[in-house]
Amino acid sequence: MRDSYREQLDDILADLVQMSQVVSSAVRSSTTALLEADIHLAEQVIGDDEKLDHKQADIESRAFSLLARQAPVAGELRTLVATLRMVTELERMGDLAAHVAKIARLRYPETAVPELLRPSFVRMGDVAEKMVVTAG
């Protein structure tokens, strides 16, 4: 029974890591779409947002199921609670990346960022992406 529990917990954590990679890519792609007026990247990020929503719901459902059925304690309980918090934040970051992509789509074929501000937006995008990578 405990082996199955550990496998389920490991699967949840692997999905969380995979979700963080998708969000990192979405942040990078939405920044590029905004700066380069890349409509294809913008559409990809917008389309992937729904997948992130489903992934969040799936991870939360499995984590709550483990909490209810296995009553974890100590480190495993902290891991599941942290997972529930992180998956919510990752989904929110995905929503924000989709919002940036929608702005890029609205401004297409023009870029949404004036030339003078481009370096600041590049830095902000880099910082946001590093935050996701560090968290994942």
# chains A, B, ... in the order shown; residues from 1 in each chain; ligands from 1
>>> closest_atom_pairs(of="range 6-89 of chain A", to="range 115-135 of chain A", cutoff="9 Å", atoms="only C-alpha atoms", output="JSON lines")
{"residue": "A:Ser20", "atom": "CA", "partner": "A:Val132", "partner_atom": "CA", "distance": 6.4}
{"residue": "A:Gln21", "atom": "CA", "partner": "A:Val133", "partner_atom": "CA", "distance": 7.2}
{"residue": "A:Val23", "atom": "CA", "partner": "A:Val132", "partner_atom": "CA", "distance": 7.2}
{"residue": "A:Ser24", "atom": "CA", "partner": "A:Glu129", "partner_atom": "CA", "distance": 5.4}
{"residue": "A:Ser25", "atom": "CA", "partner": "A:Glu129", "partner_atom": "CA", "distance": 7.9}
{"residue": "A:Ala26", "atom": "CA", "partner": "A:Glu129", "partner_atom": "CA", "distance": 8.8}
{"residue": "A:Val27", "atom": "CA", "partner": "A:Glu129", "partner_atom": "CA", "distance": 6.0}
{"residue": "A:Arg28", "atom": "CA", "partner": "A:Glu129", "partner_atom": "CA", "distance": 6.3}
{"residue": "A:Ser30", "atom": "CA", "partner": "A:Gly125", "partner_atom": "CA", "distance": 8.7}
{"residue": "A:Thr31", "atom": "CA", "partner": "A:Gly125", "partner_atom": "CA", "distance": 5.8}
{"residue": "A:Thr32", "atom": "CA", "partner": "A:Val122", "partner_atom": "CA", "distance": 8.5}
{"residue": "A:Leu35", "atom": "CA", "partner": "A:Arg118", "partner_atom": "CA", "distance": 7.0}
{"residue": "A:Met86", "atom": "CA", "partner": "A:Ala135", "partner_atom": "CA", "distance": 8.3}
>>> residues_around(residues="Gly47 in chain A", least_positions_apart="5", cutoff="12 Å", atoms="only C-alpha atoms", output="list of chain:residue names")
A:Ala26, A:Ser30, A:His40, A:Leu41, A:Ala42, A:Leu52, A:Asp53, A:Gly94, A:Asp95, A:Ala97, A:Ala98, A:His99, A:Ala101, A:Lys102
>>> atom_distance(atom1="CA of Arg92 in chain A", atom2="CA of Ser61 in chain A")
17.3 Å
>>> closest_atom_pairs(of="range 27-95 of chain A", to="range 12-19 of chain A", cutoff="12 Å", atoms="only C-alpha atoms", output="Markdown table")
| residue | atom | partner | partner_atom | distance |
| --- | --- | --- | --- | --- |
| A:Asp48 | CA | A:Met19 | CA | 10.9 |
| A:Asp49 | CA | A:Met19 | CA | 11.0 |
| A:Lys51 | CA | A:Met19 | CA | 9.6 |
| A:Leu52 | CA | A:Met19 | CA | 7.1 |
| A:Asp53 | CA | A:Met19 | CA | 10.2 |
| A:His54 | CA | A:Met19 | CA | 10.6 |
| A:Lys55 | CA | A:Met19 | CA | 7.3 |
| A:Gln56 | CA | A:Met19 | CA | 8.3 |
| A:Ala57 | CA | A:Leu16 | CA | 11.6 |
| A:Asp58 | CA | A:Ile12 | CA | 9.1 |
| A:Ile59 | CA | A:Ile12 | CA | 6.2 |
| A:Glu60 | CA | A:Ile12 | CA | 8.9 |
| A:Ser61 | CA | A:Ile12 | CA | 10.0 |
| A:Arg62 | CA | A:Ile12 | CA | 7.3 |
| A:Ala63 | CA | A:Ile12 | CA | 7.2 |
| A:Phe64 | CA | A:Ile12 | CA | 10.9 |
| A:Ser65 | CA | A:Ile12 | CA | 11.2 |
| A:Leu66 | CA | A:Ile12 | CA | 10.0 |
| A:Glu76 | CA | A:Leu13 | CA | 11.4 |
| A:Thr79 | CA | A:Leu13 | CA | 8.9 |
| A:Leu80 | CA | A:Leu13 | CA | 8.9 |
| A:Val81 | CA | A:Leu13 | CA | 11.7 |
| A:Ala82 | CA | A:Leu13 | CA | 10.4 |
| A:Thr83 | CA | A:Leu16 | CA | 7.4 |
| A:Leu84 | CA | A:Leu16 | CA | 9.6 |
| A:Arg85 | CA | A:Leu16 | CA | 11.0 |
| A:Met86 | CA | A:Leu16 | CA | 8.2 |
| A:Val87 | CA | A:Leu16 | CA | 6.8 |
| A:Thr88 | CA | A:Leu16 | CA | 10.5 |
| A:Glu89 | CA | A:Met19 | CA | 10.9 |
| A:Leu90 | CA | A:Met19 | CA | 7.4 |
| A:Glu91 | CA | A:Met19 | CA | 8.5 |
| A:Arg92 | CA | A:Met19 | CA | 11.8 |
| A:Met93 | CA | A:Met19 | CA | 10.8 |
| A:Gly94 | CA | A:Met19 | CA | 9.5 |
>>> write_last_selection(atoms="N, CA and C atoms", output="mmCIF file, in the first residue's frame")
data_model
loop_
_atom_site.group_PDB
_atom_site.id
_atom_site.type_symbol
_atom_site.label_atom_id
_atom_site.label_comp_id
_atom_site.auth_asym_id
_atom_site.auth_seq_id
_atom_site.Cartn_x
_atom_site.Cartn_y
_atom_site.Cartn_z
ATOM 1 N N ASP A 48 -2.101 26.918 -24.949
ATOM 2 C CA ASP A 48 -1.550 26.087 -23.874
ATOM 3 C C ASP A 48 -2.122 26.439 -22.506
ATOM 4 N N ASP A 49 -2.718 27.622 -22.373
ATOM 5 C CA ASP A 49 -3.251 28.034 -21.079
ATOM 6 C C ASP A 49 -4.353 27.087 -20.605
ATOM 7 N N LYS A 51 -4.599 23.962 -21.286
ATOM 8 C CA LYS A 51 -3.936 22.722 -20.865
ATOM 9 C C LYS A 51 -3.384 22.869 -19.444
ATOM 10 N N LEU A 52 -2.841 24.058 -19.146
ATOM 11 C CA LEU A 52 -2.338 24.303 -17.794
ATOM 12 C C LEU A 52 -3.475 24.285 -16.777
ATOM 13 N N ASP A 53 -4.622 24.831 -17.151
ATOM 14 C CA ASP A 53 -5.779 24.811 -16.253
ATOM 15 C C ASP A 53 -6.175 23.371 -15.923
ATOM 16 N N HIS A 54 -6.204 22.520 -16.943
ATOM 17 C CA HIS A 54 -6.555 21.111 -16.729
ATOM 18 C C HIS A 54 -5.488 20.396 -15.899
ATOM 19 N N LYS A 55 -4.229 20.712 -16.159
ATOM 20 C CA LYS A 55 -3.137 20.093 -15.402
ATOM 21 C C LYS A 55 -3.229 20.483 -13.928
ATOM 22 N N GLN A 56 -3.550 21.749 -13.656
ATOM 23 C CA GLN A 56 -3.711 22.182 -12.273
ATOM 24 C C GLN A 56 -4.824 21.392 -11.592
ATOM 25 N N ALA A 57 -5.966 21.290 -12.247
ATOM 26 C CA ALA A 57 -7.101 20.568 -11.667
ATOM 27 C C ALA A 57 -6.745 19.102 -11.411
ATOM 28 N N ASP A 58 -6.023 18.499 -12.338
ATOM 29 C CA ASP A 58 -5.627 17.099 -12.191
ATOM 30 C C ASP A 58 -4.678 16.909 -11.009
ATOM 31 N N ILE A 59 -3.665 17.754 -10.919
ATOM 32 C CA ILE A 59 -2.698 17.640 -9.823
ATOM 33 C C ILE A 59 -3.388 17.879 -8.487
ATOM 34 N N GLU A 60 -4.228 18.911 -8.411
ATOM 35 C CA GLU A 60 -4.943 19.190 -7.164
ATOM 36 C C GLU A 60 -5.823 18.013 -6.759
ATOM 37 N N SER A 61 -6.538 17.463 -7.709
ATOM 38 C CA SER A 61 -7.430 16.338 -7.417
ATOM 39 C C SER A 61 -6.655 15.146 -6.856
ATOM 40 N N ARG A 62 -5.544 14.824 -7.491
ATOM 41 C CA ARG A 62 -4.744 13.690 -7.019
ATOM 42 C C ARG A 62 -4.106 13.972 -5.665
ATOM 43 N N ALA A 63 -3.675 15.225 -5.444
ATOM 44 C CA ALA A 63 -3.067 15.571 -4.154
ATOM 45 C C ALA A 63 -4.102 15.508 -3.032
ATOM 46 N N PHE A 64 -5.291 16.045 -3.273
ATOM 47 C CA PHE A 64 -6.343 15.980 -2.254
ATOM 48 C C PHE A 64 -6.759 14.533 -1.991
ATOM 49 N N SER A 65 -6.780 13.727 -3.032
ATOM 50 C CA SER A 65 -7.115 12.315 -2.871
ATOM 51 C C SER A 65 -6.089 11.613 -1.978
ATOM 52 N N LEU A 66 -4.819 11.898 -2.203
ATOM 53 C CA LEU A 66 -3.783 11.308 -1.341
ATOM 54 C C LEU A 66 -3.913 11.793 0.092
ATOM 55 N N GLU A 76 5.962 14.355 4.204
ATOM 56 C CA GLU A 76 5.065 14.078 3.078
ATOM 57 C C GLU A 76 3.859 15.013 3.091
ATOM 58 N N THR A 79 5.084 18.280 1.806
ATOM 59 C CA THR A 79 5.274 18.182 0.352
ATOM 60 C C THR A 79 3.954 18.355 -0.383
ATOM 61 N N LEU A 80 2.911 17.687 0.084
ATOM 62 C CA LEU A 80 1.605 17.802 -0.583
ATOM 63 C C LEU A 80 1.013 19.200 -0.442
ATOM 64 N N VAL A 81 1.148 19.797 0.735
ATOM 65 C CA VAL A 81 0.631 21.157 0.930
ATOM 66 C C VAL A 81 1.402 22.138 0.047
ATOM 67 N N ALA A 82 2.713 21.993 -0.013
ATOM 68 C CA ALA A 82 3.522 22.860 -0.881
ATOM 69 C C ALA A 82 3.146 22.659 -2.343
ATOM 70 N N THR A 83 2.884 21.421 -2.725
ATOM 71 C CA THR A 83 2.463 21.127 -4.099
ATOM 72 C C THR A 83 1.168 21.851 -4.425
ATOM 73 N N LEU A 84 0.211 21.805 -3.505
ATOM 74 C CA LEU A 84 -1.070 22.480 -3.737
ATOM 75 C C LEU A 84 -0.883 23.989 -3.887
ATOM 76 N N ARG A 85 0.012 24.545 -3.110
ATOM 77 C CA ARG A 85 0.277 25.985 -3.231
ATOM 78 C C ARG A 85 0.995 26.305 -4.539
ATOM 79 N N MET A 86 1.988 25.503 -4.870
ATOM 80 C CA MET A 86 2.781 25.777 -6.073
ATOM 81 C C MET A 86 1.967 25.611 -7.343
ATOM 82 N N VAL A 87 1.109 24.597 -7.392
ATOM 83 C CA VAL A 87 0.341 24.365 -8.611
ATOM 84 C C VAL A 87 -0.603 25.540 -8.875
ATOM 85 N N THR A 88 -1.120 26.141 -7.811
ATOM 86 C CA THR A 88 -1.978 27.319 -7.969
ATOM 87 C C THR A 88 -1.180 28.493 -8.516
ATOM 88 N N GLU A 89 0.010 28.692 -7.986
ATOM 89 C CA GLU A 89 0.854 29.795 -8.452
ATOM 90 C C GLU A 89 1.320 29.578 -9.888
ATOM 91 N N LEU A 90 1.660 28.353 -10.224
ATOM 92 C CA LEU A 90 2.076 28.066 -11.601
ATOM 93 C C LEU A 90 0.933 28.323 -12.580
ATOM 94 N N GLU A 91 -0.272 27.919 -12.203
ATOM 95 C CA GLU A 91 -1.423 28.158 -13.077
ATOM 96 C C GLU A 91 -1.639 29.656 -13.260
ATOM 97 N N ARG A 92 -1.472 30.406 -12.194
ATOM 98 C CA ARG A 92 -1.618 31.869 -12.270
ATOM 99 C C ARG A 92 -0.549 32.461 -13.186
ATOM 100 N N MET A 93 0.674 31.991 -13.085
ATOM 101 C CA MET A 93 1.735 32.467 -13.980
ATOM 102 C C MET A 93 1.395 32.142 -15.433
ATOM 103 N N GLY A 94 0.823 30.974 -15.655
ATOM 104 C CA GLY A 94 0.381 30.616 -17.002
ATOM 105 C C GLY A 94 -0.704 31.552 -17.503
#
>>> select_by_dssp(residues="range 82-115 of chain A", states="alpha helix (DSSP H)", output="PyMOL selection string")
chain A and resi 82-107
>>> write_last_selection(atoms="C-alpha atoms", output="compact mmCIF listing (two decimals), in the first residue's frame")
# COMPACT_ATOMS: atom_id res chain seq x y z
CA ALA A 82 3.52 22.86 -0.88
CA THR A 83 2.46 21.13 -4.10
CA LEU A 84 -1.07 22.48 -3.74
CA ARG A 85 0.28 25.99 -3.23
CA MET A 86 2.78 25.78 -6.07
CA VAL A 87 0.34 24.37 -8.61
CA THR A 88 -1.98 27.32 -7.97
CA GLU A 89 0.85 29.80 -8.45
CA LEU A 90 2.08 28.07 -11.60
CA GLU A 91 -1.42 28.16 -13.08
CA ARG A 92 -1.62 31.87 -12.27
CA MET A 93 1.74 32.47 -13.98
CA GLY A 94 0.38 30.62 -17.00
CA ASP A 95 -2.68 32.87 -16.98
CA LEU A 96 -0.44 35.94 -16.87
CA ALA A 97 1.67 34.62 -19.74
CA ALA A 98 -1.53 34.08 -21.75
CA HIS A 99 -2.59 37.64 -20.94
CA VAL A 100 0.72 38.97 -22.27
CA ALA A 101 0.26 36.82 -25.39
CA LYS A 102 -3.23 38.25 -25.89
CA ILE A 103 -1.77 41.76 -25.79
CA ALA A 104 0.75 40.70 -28.43
CA ARG A 105 -2.11 39.31 -30.52
CA LEU A 106 -4.14 42.51 -30.15
CA ARG A 107 -1.23 44.66 -31.31
>>> closest_residue(among="A:Asp38, A:Leu9, A:Val22, A:Pro114", to="Leu77 in chain A", atoms="only C-alpha atoms")
A:Leu9
>>> decode(residues="range 33-47 of chain A", atoms="N, CA and C atoms", output="short mmCIF file (atom, residue, chain, number, x, y, z; two decimals), in the first residue's frame")
data_model
loop_
_atom_site.label_atom_id
_atom_site.label_comp_id
_atom_site.auth_asym_id
_atom_site.auth_seq_id
_atom_site.Cartn_x
_atom_site.Cartn_y
_atom_site.Cartn_z
N ALA A 33 6.75 36.90 -28.06
CA ALA A 33 5.61 37.31 -28.89
C ALA A 33 5.33 38.79 -28.73
N LEU A 34 5.43 39.28 -27.51
CA LEU A 34 5.18 40.69 -27.23
C LEU A 34 6.23 41.58 -27.88
N LEU A 35 7.49 41.18 -27.78
CA LEU A 35 8.59 42.01 -28.28
C LEU A 35 8.78 41.90 -29.79
N GLU A 36 8.46 40.75 -30.36
CA GLU A 36 8.74 40.51 -31.78
C GLU A 36 7.49 40.46 -32.65
N ALA A 37 6.32 40.70 -32.07
CA ALA A 37 5.04 40.61 -32.79
C ALA A 37 4.90 39.25 -33.47
N ASP A 38 5.17 38.20 -32.71
CA ASP A 38 5.10 36.83 -33.23
C ASP A 38 3.73 36.25 -32.90
N ILE A 39 2.83 36.31 -33.87
CA ILE A 39 1.45 35.88 -33.66
C ILE A 39 1.36 34.38 -33.41
N HIS A 40 2.24 33.60 -34.03
CA HIS A 40 2.21 32.14 -33.84
C HIS A 40 2.57 31.75 -32.41
N LEU A 41 3.59 32.39 -31.86
CA LEU A 41 3.94 32.13 -30.46
C LEU A 41 2.82 32.58 -29.53
N ALA A 42 2.24 33.73 -29.82
CA ALA A 42 1.14 34.24 -28.99
C ALA A 42 -0.01 33.24 -28.98
N GLU A 43 -0.39 32.74 -30.14
CA GLU A 43 -1.50 31.77 -30.22
C GLU A 43 -1.16 30.47 -29.49
N GLN A 44 0.09 30.06 -29.57
CA GLN A 44 0.51 28.84 -28.88
C GLN A 44 0.36 29.00 -27.37
N VAL A 45 0.81 30.13 -26.84
CA VAL A 45 0.72 30.38 -25.40
C VAL A 45 -0.74 30.42 -24.97
N ILE A 46 -1.56 31.10 -25.75
CA ILE A 46 -2.99 31.20 -25.42
C ILE A 46 -3.63 29.81 -25.43
N GLY A 47 -3.29 29.01 -26.42
CA GLY A 47 -3.83 27.65 -26.49
C GLY A 47 -3.35 26.75 -25.36
#
